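Undergrad: Here's a structure for you.
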There are 2 protein chains.
Amino acid sequence: MSSTAKFTVKGALTRARIVEAAADLVLARGVGGTTLDDIRAGTGTSKSQLFHYFPAGKRDLVAAIASFQTERVLQAQRPFLDTLDTWEAWEGWRDAVLAHYGSQPHWGCPIGAMASELIGSDPERAAEVAAHMARWCGYLRAGLTRMRAAGLLRADADPEALTLAVFAALQGGLLLTQTMQSIEPLRAALDAALTALRASAP
Amino acid sequence: MSSTAKFTVKGALTRARIVEAAADLVLARGVGGTTLDDIRAGTGTSKSQLFHYFPAGKRDLVAAIASFQTERVLQAQRPFLDTLDTWEAWEGWRDAVLAHYGSQPHWGCPIGAMASELIGSDPERAAEVAAHMARWCGYLRAGLTRMRAAGLLRADADPEALTLAVFAALQGGLLLTQTMQSIEPLRAALDAALTALRASAP
DNA sequence: AGTCGATTGGACCGTACGGTCCAGGAAGCT
DNA sequence: AGCTTCCTGGACCGTACGGTCCAATCGACT
């Protein structure tokens, strides 16, 4: 919410610069591992600017980063994400996900890692991140629901459970991607998830 | 390594008490969210004891916790983990995993969450945790390899890829378990993974 | 009993980090 | 131009936290 309200163009630009640079730092070193001074140095700004654009300090900044990363990752999955109505779309989606995460400067999922880290230290922010993840899941579930309605999935298939399975495979694949420094786990996880999905075809 | 060497029985006991209590705290609040004072208070010990039993301080303690949690979680999967040679064993394993994580006081995987958090702040410790995860994976891969040899999996099945897929489903399911405060994601993820596994049967 | 190391308590220290404050520009508006 | 609001720099502060130190006590062994 909010976004560019109450800032001039210049201000909004500076704010955006901070969020983007901070997002990269947090992706690389985690929320707890990134200090405001790191961000200040990495963006060529000053402490007061950070608190000018994010009055609640690190909390606000973290929330902004979560939104930013969510938009970025959802965008990378388009146009497939909105039209997961066919098996071809799912294949395209899988490829888009692999391409996006394969091209990132760092491994792992910005959203999943933040959620996992924050849940123990800042439940409120963690809930926000969880909401973003739920939104993401919503696209998958919507596609599966439409596919079932169209007869591409058996009537007894459970879109909710299948959604969770695919999303879990995605998140788990990304976690392993991080620890193993390789894209293979993600590929294997997604392939298996799609195989499981197809097992629910009539 | 090391373990009870150079400590008396009483000392080893205290050390174990510290590790166990600290493991719970770290599981609940993350590594960065748990201070040495928290641990001191939570175990009724003193600062000097922490450094007596873990000379390198938090780093040593974290490493000990990782080992402890790994043993605990591997133990919970036995005896299935050692004999993943049949489909029945895999079903049993799935149930054991669900039962173990369902009975924990907190959601999420102690190992996966630590790996994800540490990778950005303490690469050395993260590598240790990753090694534990690799050991865990080894059991899955060994089972799948034996199954292929026994003809329960097609000759063109890739045990390595299937291992990654199952383990990713497990870790991803646990991550969602954490953010959604429910065991369902884990159940759905494991069911889908086993479905994908069965798709590689002759 | 006496000795020596293992064990424990807890005061203390240095610093890194989140956050505050204020003063000095830019930039928009009339 | 003059006023007001936004923007920026950077010194400063309080404290939380990892880590150190030393003295007191316990306990195993001779």
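Letters for chains follow the order of the structure tokens (A, B, ...), residue numbers begin at 1 for each chain, and ligand numbers begin at 1 in the order shown.
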Tell me, as a list of chain:residue names, which residues lie within 12 Å of DT7 in chain C, counting only C-alpha atoms (C1' of nucleotides); anything in the same chain fewer than 4 positions away does not count.

TA: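 Once the adjacent positions are removed, what remains is B:Phe7, B:Thr8, B:Val9, B:Lys10, B:Gly11, B:Ala12, B:Leu13, B:Thr14, B:Arg15, B:Thr45, B:Ser46, B:Ser48, B:Gln49, B:Leu50, B:Phe51, B:His52, B:Tyr53, D:DA24, D:DT25, D:DC26, D:DG27.
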
Undergrad: What are the DSSP alpha helix (DSSP H) residues of range 52-179 of chain A, as JSON, numbers by chain?

TA: {"A": [52, 53, 58, 59, 60, 61, 62, 63, 64, 65, 66, 67, 68, 69, 70, 71, 72, 73, 74, 75, 76, 87, 88, 89, 90, 91, 92, 93, 94, 95, 96, 97, 98, 99, 100, 101, 102, 110, 111, 112, 113, 114, 115, 116, 117, 118, 123, 124, 125, 126, 127, 128, 129, 130, 131, 132, 133, 134, 135, 136, 137, 138, 139, 140, 141, 142, 143, 144, 145, 146, 147, 148, 149, 159, 160, 161, 162, 163, 164, 165, 166, 167, 168, 169, 170, 171, 172, 173, 174, 175, 176, 177, 178, 179]}

Undergrad: Applying 12 Å and only C-alpha atoms (C1' of nucleotides), which residues near DC22 in chain C remain after dropping the ones on its own chain fewer than 3 positions away? List them as a PDB file with N, CA and C atoms (P, O5', C5', C4', C3', O3' and C1' of nucleotides), in the first residue's frame.

TA:
ATOM      1  N   SER A  48      19.559   9.145   7.692  1.00  0.00           N
ATOM      2  CA  SER A  48      18.316   9.897   7.820  1.00  0.00           C
ATOM      3  C   SER A  48      17.375   9.618   6.648  1.00  0.00           C
TER       4      SER A  48
ATOM      5  P    DG D   9      23.234  12.474   0.779  1.00  0.00           P
ATOM      6  O5'  DG D   9      23.997  13.057   2.048  1.00  0.00           O
ATOM      7  C5'  DG D   9      24.386  14.418   2.049  1.00  0.00           C
ATOM      8  C4'  DG D   9      25.016  14.786   3.381  1.00  0.00           C
ATOM      9  C3'  DG D   9      25.873  13.687   4.012  1.00  0.00           C
ATOM     10  O3'  DG D   9      27.142  14.237   4.322  1.00  0.00           O
ATOM     11  C1'  DG D   9      24.242  14.493   5.575  1.00  0.00           C
ATOM     12  P    DG D  10      28.359  13.258   4.738  1.00  0.00           P
ATOM     13  O5'  DG D  10      28.256  13.266   6.312  1.00  0.00           O
ATOM     14  C5'  DG D  10      28.118  14.499   6.999  1.00  0.00           C
ATOM     15  C4'  DG D  10      27.758  14.239   8.447  1.00  0.00           C
ATOM     16  C3'  DG D  10      28.440  12.994   9.041  1.00  0.00           C
ATOM     17  O3'  DG D  10      28.842  13.320  10.348  1.00  0.00           O
ATOM     18  C1'  DG D  10      26.182  12.905   9.455  1.00  0.00           C
ATOM     19  P    DA D  11      30.252  12.808  10.914  1.00  0.00           P
ATOM     20  O5'  DA D  11      30.235  13.417  12.387  1.00  0.00           O
ATOM     21  C5'  DA D  11      29.781  14.750  12.595  1.00  0.00           C
ATOM     22  C4'  DA D  11      28.803  14.799  13.765  1.00  0.00           C
ATOM     23  C3'  DA D  11      29.264  14.019  14.994  1.00  0.00           C
ATOM     24  O3'  DA D  11      29.028  14.799  16.167  1.00  0.00           O
ATOM     25  C1'  DA D  11      27.113  13.283  14.340  1.00  0.00           C
ATOM     26  P    DC D  12      29.665  14.325  17.564  1.00  0.00           P
ATOM     27  O5'  DC D  12      28.435  13.568  18.239  1.00  0.00           O
ATOM     28  C5'  DC D  12      27.184  14.256  18.382  1.00  0.00           C
ATOM     29  C4'  DC D  12      26.122  13.273  18.817  1.00  0.00           C
ATOM     30  C3'  DC D  12      26.546  12.317  19.942  1.00  0.00           C
ATOM     31  O3'  DC D  12      25.832  12.675  21.122  1.00  0.00           O
ATOM     32  C1'  DC D  12      25.260  11.226  18.231  1.00  0.00           C
TER      33       DC D  12
END

Undergrad: When the cut-off is 7 Å and we count only C-alpha atoms, which residues of chain A are near chain B, given as a VMD selection string?

TA: chain A and resid 28 to 30 32 to 33 113 115 to 117 120 to 121 130 161 to 162 164 to 165 168 to 169 171 to 173 175 to 176 179 185 188 to 189 192 to 193 195 to 196

Undergrad: Record the distance separating CA of Phe68 in chain B and CA of Glu20 in chain B, expressed in Å with one decimal.

TA: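 That distance, rounded to one decimal, is 7.7 Å.
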
Undergrad: Using only C-alpha atoms (C1' of nucleotides), which chain C residues lie at most 9 Å away from chain A, written as an mmCIF file with N, CA and C atoms (P, O5', C5', C4', C3', O3' and C1' of nucleotides), in the first residue's frame?

TA:
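Heads up, here's the output in iface_12.cif:
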data_model
loop_
_atom_site.group_PDB
_atom_site.id
_atom_site.type_symbol
_atom_site.label_atom_id
_atom_site.label_comp_id
_atom_site.auth_asym_id
_atom_site.auth_seq_id
_atom_site.Cartn_x
_atom_site.Cartn_y
_atom_site.Cartn_z
ATOM 1 P P DC C 17 26.999 -4.923 12.654
ATOM 2 O "O5'" DC C 17 25.571 -4.365 12.995
ATOM 3 C "C5'" DC C 17 24.828 -4.984 14.062
ATOM 4 C "C4'" DC C 17 23.802 -4.023 14.569
ATOM 5 C "C3'" DC C 17 23.154 -3.197 13.453
ATOM 6 O "O3'" DC C 17 21.776 -3.415 13.464
ATOM 7 C "C1'" DC C 17 23.691 -1.863 15.327
ATOM 8 P P DG C 18 20.872 -2.943 12.185
ATOM 9 O "O5'" DG C 18 19.669 -2.253 12.947
ATOM 10 C "C5'" DG C 18 19.035 -2.965 14.005
ATOM 11 C "C4'" DG C 18 18.299 -1.991 14.887
ATOM 12 C "C3'" DG C 18 17.349 -1.063 14.137
ATOM 13 O "O3'" DG C 18 16.161 -0.903 14.908
ATOM 14 C "C1'" DG C 18 18.984 0.215 15.297
ATOM 15 P P DG C 19 14.924 -0.088 14.299
ATOM 16 O "O5'" DG C 19 15.219 1.375 14.854
ATOM 17 C "C5'" DG C 19 15.312 1.541 16.274
ATOM 18 C "C4'" DG C 19 15.778 2.934 16.604
ATOM 19 C "C3'" DG C 19 15.042 4.077 15.886
ATOM 20 O "O3'" DG C 19 14.389 4.885 16.866
ATOM 21 C "C1'" DG C 19 17.382 4.450 15.958
#

Undergrad: Compile a residue-level contact table for chain D against chain B at a cut-off of 12 Å, reporting for every qualifying residue the shortest atom pair and its distance in Å to one decimal, with only C-alpha atoms (C1' of nucleotides) counted, rows ordered by chain and ascending number, as a tab-separated table.

TA:
residue	atom	partner	partner_atom	distance
D:DA16	C1'	B:Thr35	CA	9.4
D:DC17	C1'	B:Thr35	CA	7.0
D:DG18	C1'	B:Leu36	CA	7.6
D:DG19	C1'	B:Gly57	CA	7.7
D:DT20	C1'	B:Ser48	CA	9.2
D:DC21	C1'	B:Ser48	CA	9.5
D:DC22	C1'	B:Ser48	CA	10.9
D:DC26	C1'	B:Lys10	CA	10.7
D:DG27	C1'	B:Lys10	CA	9.8
D:DA28	C1'	B:Thr8	CA	9.4

Undergrad: Might you pull out every residue within 10 Å of DG28 in chain C, with only C-alpha atoms (C1' of nucleotides) counted and same-chain residues fewer than 3 positions away left off, and present them as a ChimeraX atom specification?

TA: /A:8 /D:4-6

Undergrad: Quick one: write out the picked residues with N, CA and C atoms (P, O5', C5', C4', C3', O3' and C1' of nucleotides) as a short mmCIF file (atom, residue, chain, number, x, y, z; two decimals), in the first residue's frame?

TA:
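The resulting file, result.cif, is shown below:
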data_model
loop_
_atom_site.label_atom_id
_atom_site.label_comp_id
_atom_site.auth_asym_id
_atom_site.auth_seq_id
_atom_site.Cartn_x
_atom_site.Cartn_y
_atom_site.Cartn_z
N THR A 8 7.81 13.29 -3.54
CA THR A 8 7.98 13.87 -4.88
C THR A 8 8.59 12.80 -5.78
P DT D 4 6.01 30.28 5.72
"O5'" DT D 4 5.80 28.82 5.16
"C5'" DT D 4 4.93 28.62 4.03
"C4'" DT D 4 5.23 27.25 3.43
"C3'" DT D 4 5.51 26.15 4.46
"O3'" DT D 4 4.72 25.03 4.17
"C1'" DT D 4 7.20 26.18 2.81
P DT D 5 4.46 23.89 5.25
"O5'" DT D 5 4.80 22.57 4.40
"C5'" DT D 5 4.52 22.53 3.00
"C4'" DT D 5 5.54 21.64 2.32
"C3'" DT D 5 5.94 20.39 3.12
"O3'" DT D 5 5.74 19.25 2.30
"C1'" DT D 5 7.86 21.48 2.29
P DC D 6 6.02 17.76 2.85
"O5'" DC D 6 7.31 17.35 1.99
"C5'" DC D 6 7.28 17.50 0.57
"C4'" DC D 6 8.69 17.36 0.02
"C3'" DC D 6 9.37 16.03 0.35
"O3'" DC D 6 9.96 15.53 -0.84
"C1'" DC D 6 10.77 17.82 0.96
#

Undergrad: Quick one: everything within 9 Å of Ile18 in chain A, counting only C-alpha atoms (C1' of nucleotides), minus sequence neighbours fewer than 6 positions away in the same chain. Send it as a list of chain:residue names.

TA: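 Once the nearby chain positions are removed, what remains is A:Ile39, A:Arg40, A:Gly42, A:Thr43, A:Gly44, A:Thr45, A:Leu50, A:Leu61.
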
Undergrad: Output the selection as a PDB file, in the first residue's frame - N, CA and C atoms for each residue.

TA:
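Saved the output as part_30.pdb:
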ATOM      1  N   ILE A  39      23.158  -1.163   4.080  1.00  0.00           N
ATOM      2  CA  ILE A  39      22.229  -0.621   3.086  1.00  0.00           C
ATOM      3  C   ILE A  39      22.596   0.823   2.754  1.00  0.00           C
ATOM      4  N   ARG A  40      22.908   1.567   3.789  1.00  0.00           N
ATOM      5  CA  ARG A  40      23.309   2.941   3.598  1.00  0.00           C
ATOM      6  C   ARG A  40      24.519   3.004   2.655  1.00  0.00           C
ATOM      7  N   GLY A  42      25.574   0.646   0.621  1.00  0.00           N
ATOM      8  CA  GLY A  42      25.280   0.038  -0.679  1.00  0.00           C
ATOM      9  C   GLY A  42      24.426   0.899  -1.585  1.00  0.00           C
ATOM     10  N   THR A  43      23.793   1.902  -1.023  1.00  0.00           N
ATOM     11  CA  THR A  43      22.928   2.734  -1.853  1.00  0.00           C
ATOM     12  C   THR A  43      23.445   4.160  -1.949  1.00  0.00           C
ATOM     13  N   GLY A  44      24.531   4.445  -1.234  1.00  0.00           N
ATOM     14  CA  GLY A  44      25.062   5.792  -1.259  1.00  0.00           C
ATOM     15  C   GLY A  44      24.095   6.802  -0.672  1.00  0.00           C
ATOM     16  N   THR A  45      23.370   6.365   0.341  1.00  0.00           N
ATOM     17  CA  THR A  45      22.432   7.285   0.995  1.00  0.00           C
ATOM     18  C   THR A  45      22.879   7.510   2.433  1.00  0.00           C
ATOM     19  N   LEU A  50      17.060   6.765   5.134  1.00  0.00           N
ATOM     20  CA  LEU A  50      16.431   5.479   5.422  1.00  0.00           C
ATOM     21  C   LEU A  50      15.201   5.683   6.294  1.00  0.00           C
ATOM     22  N   LEU A  61      11.276  -1.253   5.972  1.00  0.00           N
ATOM     23  CA  LEU A  61      12.132  -1.583   4.845  1.00  0.00           C
ATOM     24  C   LEU A  61      11.972  -3.049   4.456  1.00  0.00           C
TER      25      LEU A  61
END

Undergrad: C1' of DA27 in chain C and CA of Ala16 in chain A are how many Å apart?

TA: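 Between these atoms lies a distance of 19.4 Å.
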
Undergrad: Would you compute the distance between CA of Arg59 in chain A and CA of Gln75 in chain A? Give it in Å to one decimal.

TA: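 Spanning CA of Arg59 in chain A to CA of Gln75 in chain A is a straight-line distance of 24.4 Å.
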
Undergrad: Which of these residues is nearest to Gly143 in chain A, using only C-alpha atoms: A:Asp24, A:Glu128, A:Asp85, A:Glu71?

TA: A:Asp85
